[in-house]
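Enquirer: To be precise about what I am sending: the file is called work31.cif and holds mmCIF, C-alpha atoms.
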data_coords
loop_
_atom_site.group_PDB
_atom_site.id
_atom_site.type_symbol
_atom_site.label_atom_id
_atom_site.label_comp_id
_atom_site.auth_asym_id
_atom_site.auth_seq_id
_atom_site.Cartn_x
_atom_site.Cartn_y
_atom_site.Cartn_z
ATOM 1 C CA MET A 21 233.097 244.983 163.001
ATOM 2 C CA ILE A 22 232.736 248.767 162.970
ATOM 3 C CA LYS A 23 229.416 248.568 161.196
ATOM 4 C CA LYS A 24 228.088 245.938 163.601
ATOM 5 C CA VAL A 25 229.088 247.937 166.684
ATOM 6 C CA LEU A 26 227.695 251.181 165.313
ATOM 7 C CA SER A 27 224.448 249.581 164.185
ATOM 8 C CA THR A 28 223.928 248.135 167.676
ATOM 9 C CA ALA A 29 224.650 251.488 169.270
ATOM 10 C CA LEU A 30 222.299 253.243 166.879
ATOM 11 C CA ALA A 31 219.443 250.880 167.707
ATOM 12 C CA GLY A 32 220.001 251.223 171.440
ATOM 13 C CA ALA A 33 220.225 255.006 171.397
ATOM 14 C CA ALA A 34 217.302 255.555 168.972
ATOM 15 C CA LEU A 35 219.548 257.575 166.677
ATOM 16 C CA LEU A 36 219.068 258.382 163.022
ATOM 17 C CA THR A 37 218.430 255.665 160.477
ATOM 18 C CA PRO A 38 217.157 257.737 157.532
ATOM 19 C CA THR A 39 215.296 256.239 154.618
ATOM 20 C CA ALA A 40 213.545 258.157 151.870
ATOM 21 C CA HIS A 41 212.077 261.315 153.401
ATOM 22 C CA ALA A 42 212.936 260.055 156.909
ATOM 23 C CA THR A 43 212.855 262.576 159.723
ATOM 24 C CA SER A 44 215.524 262.680 162.402
ATOM 25 C CA HIS A 45 214.848 262.451 166.128
ATOM 26 C CA ALA A 46 216.159 265.151 168.469
ATOM 27 C CA THR A 47 217.308 262.505 170.951
ATOM 28 C CA GLY A 48 220.008 261.512 168.475
ATOM 29 C CA TRP A 49 221.863 264.815 168.677
ATOM 30 C CA GLN A 50 224.916 265.448 170.858
ATOM 31 C CA ARG A 51 225.979 269.040 171.491
ATOM 32 C CA VAL A 52 229.553 270.086 170.640
ATOM 33 C CA GLY A 53 229.211 273.856 171.054
ATOM 34 C CA HIS A 54 227.053 276.491 172.700
ATOM 35 C CA ASP A 55 227.592 279.700 170.714
ATOM 36 C CA ILE A 56 228.160 281.132 167.259
ATOM 37 C CA THR A 57 231.898 280.346 167.288
ATOM 38 C CA SER A 58 231.477 276.637 168.055
ATOM 39 C CA GLY A 59 229.384 275.228 165.217
ATOM 40 C CA ILE A 60 230.768 272.637 162.781
ATOM 41 C CA SER A 61 231.081 273.584 159.097
ATOM 42 C CA GLY A 62 232.996 270.552 157.819
ATOM 43 C CA ILE A 63 234.086 267.162 159.133
ATOM 44 C CA ALA A 64 236.310 264.230 158.125
ATOM 45 C CA VAL A 65 237.096 260.814 159.594
ATOM 46 C CA ASP A 66 240.693 260.256 160.695
ATOM 47 C CA THR A 67 240.491 256.778 162.250
ATOM 48 C CA THR A 68 237.949 254.381 163.743
ATOM 49 C CA ARG A 69 238.260 252.035 166.731
ATOM 50 C CA ARG A 70 236.917 248.550 167.378
ATOM 51 C CA ASP A 71 234.390 249.881 169.886
ATOM 52 C CA GLY A 72 232.791 252.074 167.199
ATOM 53 C CA THR A 73 234.449 255.341 168.238
ATOM 54 C CA ALA A 74 235.333 257.583 165.316
ATOM 55 C CA GLU A 75 238.198 260.048 165.575
ATOM 56 C CA LEU A 76 237.125 263.091 163.562
ATOM 57 C CA LEU A 77 238.697 266.364 162.496
ATOM 58 C CA ALA A 78 236.282 269.247 162.019
ATOM 59 C CA VAL A 79 236.529 272.838 160.814
ATOM 60 C CA ARG A 80 234.743 275.902 162.121
ATOM 61 C CA ASP A 81 233.896 278.906 159.956
ATOM 62 C CA ASN A 82 235.355 281.468 162.339
ATOM 63 C CA LYS A 83 236.848 284.634 160.906
ATOM 64 C CA LYS A 84 238.497 286.624 163.687
ATOM 65 C CA PRO A 85 242.075 286.166 164.944
ATOM 66 C CA GLY A 86 242.261 283.892 167.988
ATOM 67 C CA GLU A 87 239.031 282.049 167.210
ATOM 68 C CA ASN A 88 239.224 278.270 166.865
ATOM 69 C CA ARG A 89 239.511 276.890 163.310
ATOM 70 C CA LEU A 90 239.923 273.157 163.987
ATOM 71 C CA VAL A 91 238.577 270.751 166.570
ATOM 72 C CA ALA A 92 239.252 267.040 167.113
ATOM 73 C CA LEU A 93 236.207 264.977 168.092
ATOM 74 C CA SER A 94 236.060 261.466 169.535
ATOM 75 C CA TYR A 95 232.532 260.369 168.723
ATOM 76 C CA ARG A 96 230.540 257.241 169.395
ATOM 77 C CA PRO A 97 226.751 257.082 168.922
ATOM 78 C CA GLY A 98 224.914 257.418 172.219
ATOM 79 C CA ALA A 99 227.944 258.773 174.101
ATOM 80 C CA GLU A 100 228.863 262.388 174.760
ATOM 81 C CA PRO A 101 231.548 263.471 172.266
ATOM 82 C CA ARG A 102 234.995 264.318 173.565
ATOM 83 C CA GLN A 103 236.569 267.308 171.870
ATOM 84 C CA ARG A 104 239.779 269.274 171.957
ATOM 85 C CA ALA A 105 240.910 272.336 170.043
ATOM 86 C CA VAL A 106 243.588 271.834 167.383
ATOM 87 C CA ASP A 107 246.041 274.664 166.723
ATOM 88 C CA TRP A 108 246.251 276.004 163.170
ATOM 89 C CA SER A 109 249.900 276.486 162.184
ATOM 90 C CA GLY A 110 250.859 278.356 159.016
ATOM 91 C CA GLU A 111 249.057 280.593 156.552
ATOM 92 C CA PRO A 112 245.953 282.006 158.290
ATOM 93 C CA ALA A 113 242.563 280.774 157.125
ATOM 94 C CA VAL A 114 239.249 282.636 157.275
ATOM 95 C CA ASP A 115 235.788 281.046 157.076
ATOM 96 C CA LEU A 116 236.660 277.366 156.607
ATOM 97 C CA GLU A 117 233.596 275.554 155.281
ATOM 98 C CA ALA A 118 234.639 272.007 154.346
ATOM 99 C CA ILE A 119 237.315 269.366 154.899
ATOM 100 C CA ASP A 120 238.185 265.904 153.605
ATOM 101 C CA GLY A 121 241.065 263.480 153.953
ATOM 102 C CA VAL A 122 243.683 262.980 151.233
ATOM 103 C CA PRO A 123 243.276 259.366 149.998
ATOM 104 C CA GLY A 124 246.214 257.147 150.888
ATOM 105 C CA ARG A 125 247.898 259.763 153.097
ATOM 106 C CA PRO A 126 247.019 259.320 156.789
ATOM 107 C CA HIS A 127 246.410 262.500 158.795
ATOM 108 C CA GLU A 128 246.522 264.703 155.687
ATOM 109 C CA TYR A 129 243.519 266.823 154.737
ATOM 110 C CA VAL A 130 242.350 269.549 152.410
ATOM 111 C CA ALA A 131 240.153 272.225 153.988
ATOM 112 C CA LEU A 132 238.274 274.723 151.822
ATOM 113 C CA ALA A 133 237.427 278.313 152.745
ATOM 114 C CA SER A 134 234.291 280.034 151.476
ATOM 115 C CA GLY A 135 236.331 282.249 149.139
ATOM 116 C CA GLY A 136 237.753 279.268 147.249
ATOM 117 C CA THR A 137 241.184 278.855 148.851
ATOM 118 C CA ALA A 138 242.102 275.279 149.718
ATOM 119 C CA TYR A 139 244.515 274.512 152.558
ATOM 120 C CA ARG A 140 246.383 271.239 152.602
ATOM 121 C CA ILE A 141 247.212 270.386 156.208
ATOM 122 C CA HIS A 142 248.947 267.660 158.177
ATOM 123 C CA TRP A 143 247.409 266.907 161.586
ATOM 124 C CA GLU A 144 249.514 265.477 164.364
ATOM 125 C CA GLY A 145 248.680 265.701 168.062
ATOM 126 C CA GLY A 146 247.371 269.096 169.092
ATOM 127 C CA SER A 147 248.271 271.013 165.945
ATOM 128 C CA ALA A 148 247.743 271.017 162.204
ATOM 129 C CA ARG A 149 250.417 272.456 159.916
ATOM 130 C CA VAL A 150 249.566 274.082 156.594
ATOM 131 C CA VAL A 151 251.577 272.311 153.896
ATOM 132 C CA ALA A 152 250.231 274.354 150.975
ATOM 133 C CA ALA A 153 247.476 276.801 150.048
ATOM 134 C CA PHE A 154 245.968 276.990 146.559
ATOM 135 C CA PRO A 155 242.688 278.011 144.867
ATOM 136 C CA VAL A 156 240.173 275.624 143.384
ATOM 137 C CA PRO A 157 239.704 276.195 139.616
ATOM 138 C CA GLY A 158 237.400 278.932 138.395
ATOM 139 C CA VAL A 159 237.061 280.951 141.591
ATOM 140 C CA SER A 160 234.634 283.857 141.245
ATOM 141 C CA PRO A 161 234.054 286.671 143.761
ATOM 142 C CA ASP A 162 230.341 285.853 143.538
ATOM 143 C CA ASP A 163 230.845 282.252 144.700
ATOM 144 C CA ASN A 164 230.474 281.036 148.260
ATOM 145 C CA TYR A 165 231.974 277.576 148.668
ATOM 146 C CA GLU A 166 230.586 275.187 151.282
ATOM 147 C CA GLY A 167 231.490 271.696 150.096
ATOM 148 C CA PHE A 168 234.687 269.824 149.242
ATOM 149 C CA ALA A 169 235.433 266.113 148.911
ATOM 150 C CA LEU A 170 238.182 263.830 147.647
ATOM 151 C CA THR A 171 237.901 260.255 146.411
ATOM 152 C CA ALA A 172 240.254 257.773 144.746
ATOM 153 C CA ALA A 173 239.015 256.238 141.488
ATOM 154 C CA ARG A 174 239.720 252.592 140.629
ATOM 155 C CA ASN A 175 242.663 253.554 138.415
ATOM 156 C CA GLY A 176 244.283 255.413 141.305
ATOM 157 C CA THR A 177 243.258 258.872 140.109
ATOM 158 C CA ILE A 178 242.170 261.220 142.880
ATOM 159 C CA ILE A 179 239.049 263.213 142.072
ATOM 160 C CA ALA A 180 238.144 266.450 143.845
ATOM 161 C CA VAL A 181 234.541 267.621 144.059
ATOM 162 C CA TRP A 182 233.624 271.074 145.359
ATOM 163 C CA ALA A 183 230.493 273.209 145.469
ATOM 164 C CA ASP A 184 229.354 276.794 145.530
ATOM 165 C CA ARG A 185 226.275 276.685 147.724
ATOM 166 C CA GLY A 186 223.808 278.680 145.621
ATOM 167 C CA GLN A 187 221.012 280.659 147.237
ATOM 168 C CA ASP A 188 217.249 280.445 146.660
ATOM 169 C CA GLU A 189 216.670 280.981 142.907
ATOM 170 C CA ARG A 190 220.385 280.784 142.154
ATOM 171 C CA PRO A 191 221.337 277.094 141.903
ATOM 172 C CA ALA A 192 224.440 275.623 143.448
ATOM 173 C CA THR A 193 227.382 274.865 141.176
ATOM 174 C CA LEU A 194 228.898 271.420 141.599
ATOM 175 C CA SER A 195 232.395 271.036 140.136
ATOM 176 C CA ALA A 196 234.834 268.147 139.787
ATOM 177 C CA ALA A 197 238.347 267.602 138.474
ATOM 178 C CA ARG A 198 241.324 265.301 138.796
ATOM 179 C CA TRP A 199 243.658 266.377 141.584
ATOM 180 C CA ASN A 200 247.339 265.501 141.837
ATOM 181 C CA PRO A 201 248.578 265.558 145.453
ATOM 182 C CA ALA A 202 252.198 265.669 144.262
ATOM 183 C CA GLY A 203 251.796 269.287 143.207
ATOM 184 C CA ASN A 204 248.258 270.138 144.367
ATOM 185 C CA ALA A 205 247.340 270.601 140.708
ATOM 186 C CA PHE A 206 243.842 270.231 139.282
ATOM 187 C CA GLY A 207 242.938 268.864 135.890
ATOM 188 C CA THR A 208 240.350 270.418 133.603
ATOM 189 C CA PRO A 209 237.226 271.013 135.717
ATOM 190 C CA THR A 210 233.672 270.006 134.856
ATOM 191 C CA SER A 211 230.799 271.992 136.401
ATOM 192 C CA VAL A 212 227.020 271.603 136.518
ATOM 193 C CA ALA A 213 224.175 273.542 138.106
ATOM 194 C CA PHE A 214 222.327 271.786 140.899
ATOM 195 C CA ARG A 215 219.265 272.608 142.925
ATOM 196 C CA VAL A 216 217.222 270.785 145.546
ATOM 197 C CA PRO A 217 213.438 270.658 145.987
ATOM 198 C CA TYR A 218 213.753 270.996 149.777
ATOM 199 C CA PRO A 219 213.975 273.151 151.879
ATOM 200 C CA ALA A 220 211.836 275.730 150.098
ATOM 201 C CA HIS A 221 212.880 279.006 151.745
ATOM 202 C CA ASP A 222 216.225 280.700 152.496
ATOM 203 C CA VAL A 223 217.776 277.662 150.872
ATOM 204 C CA ARG A 224 221.416 276.826 150.335
ATOM 205 C CA HIS A 225 221.220 274.105 147.715
ATOM 206 C CA ILE A 226 224.513 272.539 148.843
ATOM 207 C CA SER A 227 225.878 273.007 152.360
ATOM 208 C CA ASP A 228 228.351 270.093 152.159
ATOM 209 C CA VAL A 229 229.307 267.259 149.822
ATOM 210 C CA LYS A 230 230.830 263.810 150.239
ATOM 211 C CA VAL A 231 231.802 261.237 147.589
ATOM 212 C CA SER A 232 231.919 257.457 148.043
ATOM 213 C CA ALA A 233 234.693 255.182 146.793
ATOM 214 C CA THR A 234 232.568 254.407 143.732
ATOM 215 C CA GLY A 235 231.872 258.064 142.993
ATOM 216 C CA ARG A 236 228.359 258.434 144.405
ATOM 217 C CA ILE A 237 227.754 262.017 145.532
ATOM 218 C CA THR A 238 225.771 262.870 148.664
ATOM 219 C CA VAL A 239 224.984 266.493 149.469
ATOM 220 C CA SER A 240 223.318 268.308 152.318
ATOM 221 C CA SER A 241 221.020 271.287 151.813
ATOM 222 C CA ALA A 242 219.922 273.796 154.415
ATOM 223 C CA SER A 243 217.484 276.582 155.118
ATOM 224 C CA ASP A 244 219.301 279.496 156.800
ATOM 225 C CA PRO A 245 217.182 282.576 157.562
ATOM 226 C CA GLY A 246 219.741 284.052 159.992
ATOM 227 C CA ASP A 247 221.725 283.522 163.185
ATOM 228 C CA ASP A 248 218.638 282.562 165.206
ATOM 229 C CA GLY A 249 217.021 280.200 162.716
ATOM 230 C CA PRO A 250 214.707 278.382 162.498
ATOM 231 C CA TYR A 251 216.727 275.903 160.470
ATOM 232 C CA ASP A 252 215.870 272.912 158.333
ATOM 233 C CA SER A 253 218.096 270.510 156.408
ATOM 234 C CA ALA A 254 218.057 267.454 154.176
ATOM 235 C CA LEU A 255 220.411 264.965 152.554
ATOM 236 C CA PHE A 256 220.191 264.067 148.857
ATOM 237 C CA ASP A 257 221.619 261.507 146.479
ATOM 238 C CA ALA A 258 222.995 264.030 143.979
ATOM 239 C CA GLY A 259 224.573 261.840 141.299
ATOM 240 C CA ARG A 260 227.947 260.340 140.451
ATOM 241 C CA VAL A 261 231.461 261.348 139.425
ATOM 242 C CA THR A 262 233.915 259.058 137.623
ATOM 243 C CA ALA A 263 237.300 259.349 135.976
ATOM 244 C CA SER A 264 237.184 259.466 132.204
ATOM 245 C CA PRO A 265 238.791 256.452 130.512
ATOM 246 C CA GLY A 266 242.066 256.543 128.632
ATOM 247 C CA GLY A 267 244.036 259.756 128.515
ATOM 248 C CA ASP A 268 241.075 262.129 128.839
ATOM 249 C CA ASP A 269 241.933 264.760 131.456
ATOM 250 C CA ARG A 270 238.332 265.489 132.349
ATOM 251 C CA VAL A 271 236.099 263.638 134.768
ATOM 252 C CA ARG A 272 232.491 262.637 134.196
ATOM 253 C CA LEU A 273 230.013 264.420 136.450
ATOM 254 C CA ALA A 274 226.367 263.362 136.219
ATOM 255 C CA VAL A 275 223.750 264.827 138.570
ATOM 256 C CA HIS A 276 220.102 263.907 139.029
ATOM 257 C CA ARG A 277 217.538 266.383 137.743
ATOM 258 C CA SER A 278 215.229 265.218 140.534
ATOM 259 C CA PRO A 279 217.587 264.270 143.376
ATOM 260 C CA HIS A 280 216.392 261.595 145.787
ATOM 261 C CA ARG A 281 215.939 262.846 149.344
ATOM 262 C CA LEU A 282 217.629 260.509 151.822
ATOM 263 C CA ALA A 283 216.697 262.209 155.096
ATOM 264 C CA THR A 284 215.257 265.360 156.632
ATOM 265 C CA PHE A 285 216.562 267.135 159.736
ATOM 266 C CA PRO A 286 214.156 269.784 161.066
ATOM 267 C CA GLY A 287 215.538 272.325 163.512
ATOM 268 C CA HIS A 288 219.194 272.013 162.483
ATOM 269 C CA LYS A 289 221.489 273.463 159.818
ATOM 270 C CA ILE A 290 223.541 270.554 158.499
ATOM 271 C CA GLU A 291 226.892 271.803 157.197
ATOM 272 C CA ALA A 292 229.087 268.714 157.550
ATOM 273 C CA LEU A 293 228.991 265.074 156.424
ATOM 274 C CA ALA A 294 231.422 262.191 156.964
ATOM 275 C CA CYS A 295 231.229 258.483 156.179
ATOM 276 C CA LEU A 296 232.912 255.733 158.179
ATOM 277 C CA PRO A 297 235.145 253.401 156.146
ATOM 278 C CA HIS A 298 233.443 250.348 154.559
ATOM 279 C CA SER A 299 230.131 251.161 156.240
ATOM 280 C CA ARG A 300 226.735 252.705 155.611
ATOM 281 C CA GLU A 301 227.130 254.602 158.872
ATOM 282 C CA GLY A 302 228.061 258.251 158.822
ATOM 283 C CA VAL A 303 228.105 261.385 160.925
ATOM 284 C CA VAL A 304 226.270 264.644 160.334
ATOM 285 C CA ALA A 305 227.223 267.873 162.090
ATOM 286 C CA THR A 306 225.579 271.271 162.348
ATOM 287 C CA ASP A 307 226.402 274.947 162.502
ATOM 288 C CA ASP A 308 223.319 276.268 164.267
ATOM 289 C CA GLU A 309 224.910 279.713 164.713
ATOM 290 C CA ASN A 310 223.792 281.184 168.083
ATOM 291 C CA GLU A 311 222.716 277.698 169.229
ATOM 292 C CA GLY A 312 226.199 276.253 168.642
ATOM 293 C CA GLY A 313 226.818 272.876 167.022
ATOM 294 C CA TYR A 314 225.610 269.269 167.230
ATOM 295 C CA VAL A 315 226.621 265.874 165.848
ATOM 296 C CA ALA A 316 224.581 262.726 165.257
ATOM 297 C CA ALA A 317 224.913 259.334 163.594
ATOM 298 C CA SER A 318 223.086 258.691 160.343
ATOM 299 C CA GLU A 319 222.925 255.731 157.956
ATOM 300 C CA PHE A 320 223.208 257.728 154.738
ATOM 301 C CA CYS A 321 226.466 256.381 153.309
ATOM 302 C CA ARG A 322 226.377 254.184 150.208
ATOM 303 C CA PRO A 323 229.010 252.198 148.328
#
Spit out the file's structure as structure tokens when you get a sec.
Expert:
Amino acid sequence: MIKKVLSTALAGAALLTPTAHATSHATGWQRVGHDITSGISGIAVDTTRRDGTAELLAVRDNKKPGENRLVALSYRPGAEPRQRAVDWSGEPAVDLEAIDGVPGRPHEYVALASGGTAYRIHWEGGSARVVAAFPVPGVSPDDNYEGFALTAARNGTIIAVWADRGQDERPATLSAARWNPAGNAFGTPTSVAFRVPYPAHDVRHISDVKVSATGRITVSSASDPGDDGPYDSALFDAGRVTASPGGDDRVRLAVHRSPHRLATFPGHKIEALACLPHSREGVVATDDENEGGYVAASEFCRP
């Protein structure tokens, strides 16, 4: 039902339906912010409604005290998003760059800051409470994290995937490990270098990451020359992550040497991806710095 409603809305509003090397249309974008403090750096789906509205929780990469860290968005393709600030309660967070829901635990999320600290939060009403804060494995002062995702494998294992963004000649580093929500503990991590063929300049090879229920990894990349742009972004099929069989603690992480480009988004800096449950439909969101933030629908999600 959700997919049918969203697909109808997408067709009527001429929104994004990317295929290989597809280019987005500016008419598909809906503004959610007007300045450098109101872009979107990570997004996750909380619930969906029968009419196709998605209730989303998004993070902003603000750093100063008093600046908004979380925002709730009610989004339906073709309609102006409704948004409200969500209070951050607990250990302060600086420069949040990604967020994803904890599988099987409604209204629970893990948000990742650029320095590698993960914050497990519970969202209810107008506030989100920090339940725990912990680092992802292998944090280095040279890393700058921009992607984090959680998925449940068929055997019930939860797999975490996170990414240092890389920069130009320095590739991104994509990492994965088992994650136990009972104690927020990671298993032995597996890491691989990853780079994209597009954009070509001022490139962040990974600006966000999402993982499907079957382990397929989708990443966004972005060109970021500064607070005034111009920006350019793309989505790529990056590879797959799976739980190792038997008692092996590691996960299997396989990435494509030549990743397949799913869509191109000129004029915007994509920093957030979210997929609607049991659907190919998803949402992309931007942090366009001095131009604020935007969201749009996109059919990039895969089983």
Enquirer: So, with all atoms listed in the file as the atoms that count, which of A:Gly312, A:Gly98, A:Gly207, A:Gly249 lies closest to Ser264 (chain A)?
Expert: A:Gly207
Enquirer: Interatomic distance between CA of Asp184 (chain A) and CA of Ser160 (chain A)?
Expert: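 Interatomic distance here is 9.8 Å.
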Enquirer: Could you list, as a PyMOL selection string, every residue within 9 Å of Asp188 (chain A), counting all atoms listed in the file and ignoring same-chain residues fewer than 3 positions away?
Expert: chain A and resi 191+215+220-225
Enquirer: Kindly indicate which residue among A:Ala292, A:Val261, A:Ala283, A:Ala105 lies nearest to Glu117 (chain A), using only C-alpha atoms for the distances.
Expert: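 Checking each of A:Ala292, A:Val261, A:Ala283, A:Ala105 against Glu117 (chain A), counting only C-alpha atoms, the winner is A:Ala292.
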Enquirer: Nearest residue to Asn175 (chain A) out of A:Ala263, A:Ile226, A:Ile237, A:Ala99, using all atoms listed in the file?
Expert: A:Ala263
Enquirer: By how many Å are CA of Val156 (chain A) and CA of Leu282 (chain A) apart?
Expert: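 Taking CA of Val156 (chain A) and CA of Leu282 (chain A), their separation equals 28.4 Å.
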Enquirer: When the PyMOL selection byres ((chain A and resi 322) around 6) is applied to the file above, which residues end up in the set, as a PDB file with C-alpha atoms, in the coordinates of the input?
Expert:
ATOM      1  CA  ARG A 300     226.735 252.705 155.611  1.00  0.00           C
ATOM      2  CA  CYS A 321     226.466 256.381 153.309  1.00  0.00           C
ATOM      3  CA  PRO A 323     229.010 252.198 148.328  1.00  0.00           C
TER       4      PRO A 323
END
Enquirer: Using only C-alpha atoms, which residues sit within 12 Å of Gly203 (chain A) once same-chain residues fewer than 3 positions away are excluded, as a compact mmCIF listing (two decimals) with C-alpha atoms, keeping the file's coordinate frame?
Expert:
# COMPACT_ATOMS: atom_id res chain seq x y z
CA ARG A 140 246.38 271.24 152.60
CA VAL A 151 251.58 272.31 153.90
CA ALA A 152 250.23 274.35 150.98
CA ALA A 153 247.48 276.80 150.05
CA PHE A 154 245.97 276.99 146.56
CA TRP A 199 243.66 266.38 141.58
CA ASN A 200 247.34 265.50 141.84
CA PHE A 206 243.84 270.23 139.28
CA GLY A 207 242.94 268.86 135.89
Enquirer: Near region 163-167 of chain A, counting all atoms listed in the file, which residues have an atom at most 6 Å away, once you skip same-chain residues fewer than 3 positions from it, shown as number ranges by chain?
Expert: A: 117-118, 134, 160, 182-185, 227-229
Enquirer: Enumerate, as a list in words, the protein, DNA and RNA residues whose atoms approach (248.5, 268.6, 168.2) to within 12 Å, taking into account only C-alpha atoms and the coordinate frame of the file.
Expert: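 In the file's frame, the residues around the point are Leu77, Leu90, Val91, Ala92, Arg104, Ala105, Val106, Asp107, Trp108, Ser109, His127, His142, Trp143, Glu144, Gly145, Gly146, Ser147, Ala148 and Arg149 of chain A.
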Enquirer: Would you translate the PyMOL selection byres ((chain A and resi 238) around 9) into the concrete set of residues it matches in this file, as an mmCIF file with C-alpha atoms, keeping the file's coordinate frame?
Expert:
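What ended up in expr.cif:
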data_model
loop_
_atom_site.group_PDB
_atom_site.id
_atom_site.type_symbol
_atom_site.label_atom_id
_atom_site.label_comp_id
_atom_site.auth_asym_id
_atom_site.auth_seq_id
_atom_site.Cartn_x
_atom_site.Cartn_y
_atom_site.Cartn_z
ATOM 1 C CA ASP A 228 228.351 270.093 152.159
ATOM 2 C CA VAL A 229 229.307 267.259 149.822
ATOM 3 C CA LYS A 230 230.830 263.810 150.239
ATOM 4 C CA VAL A 231 231.802 261.237 147.589
ATOM 5 C CA SER A 232 231.919 257.457 148.043
ATOM 6 C CA ARG A 236 228.359 258.434 144.405
ATOM 7 C CA ILE A 237 227.754 262.017 145.532
ATOM 8 C CA VAL A 239 224.984 266.493 149.469
ATOM 9 C CA SER A 240 223.318 268.308 152.318
ATOM 10 C CA LEU A 255 220.411 264.965 152.554
ATOM 11 C CA PHE A 256 220.191 264.067 148.857
ATOM 12 C CA ASP A 257 221.619 261.507 146.479
ATOM 13 C CA ALA A 258 222.995 264.030 143.979
ATOM 14 C CA GLY A 259 224.573 261.840 141.299
ATOM 15 C CA ARG A 260 227.947 260.340 140.451
ATOM 16 C CA LEU A 293 228.991 265.074 156.424
ATOM 17 C CA PHE A 320 223.208 257.728 154.738
ATOM 18 C CA CYS A 321 226.466 256.381 153.309
ATOM 19 C CA ARG A 322 226.377 254.184 150.208
#
Enquirer: What does the structure give for the distance between CA of Arg102 (chain A) and CA of Asp120 (chain A), in Å to one decimal?
Expert: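 Result for CA of Arg102 (chain A) versus CA of Asp120 (chain A): 20.3 Å, one decimal.
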Enquirer: I need the output of the PyMOL selection byres ((chain A and resi 242) around 6) for this file as JSON, numbers by chain; which residues are they?
Expert: {"A": [223, 224, 241, 243, 252, 253, 289]}
Enquirer: From the list A:Ser278, A:Thr177, A:Ser94, A:Ser211, which residue is nearest Val303 (chain A) when using all atoms listed in the file?
Expert: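 Among the listed residues, A:Ser94 lies closest to Val303 (chain A).
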Enquirer: Calculate, to one decimal in Å, the centre and edge lengths of the box along x, y and z of the file that holds all listed atoms of region 225-240 of chain A with 4 Å of margin on each side, and present them as AutoDock Vina command-line options.
Expert:
--center_x 228.0 --center_y 264.3 --center_z 147.7 --size_x 21.5 --size_y 27.7 --size_z 17.4
Enquirer: Here is a test: counting all atoms listed in the file, which residue of A:Arg281, A:Ala196, A:Gly287, A:Ala213 is nearest to Thr262 (chain A)?
Expert: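 For Thr262 (chain A), the nearest of the candidates is A:Ala196.
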Enquirer: Within 12 Å of (236.7, 258.5, 157.4) (coordinates as in the file), grab all the protein and nucleic acid residues, counting all atoms listed in the file, and write them out as an NGL selection string.
Expert: :A and (22 or 63-69 or 73-78 or 119-124 or 126-129 or 169-171 or 230-233 or 293-303 or 321)
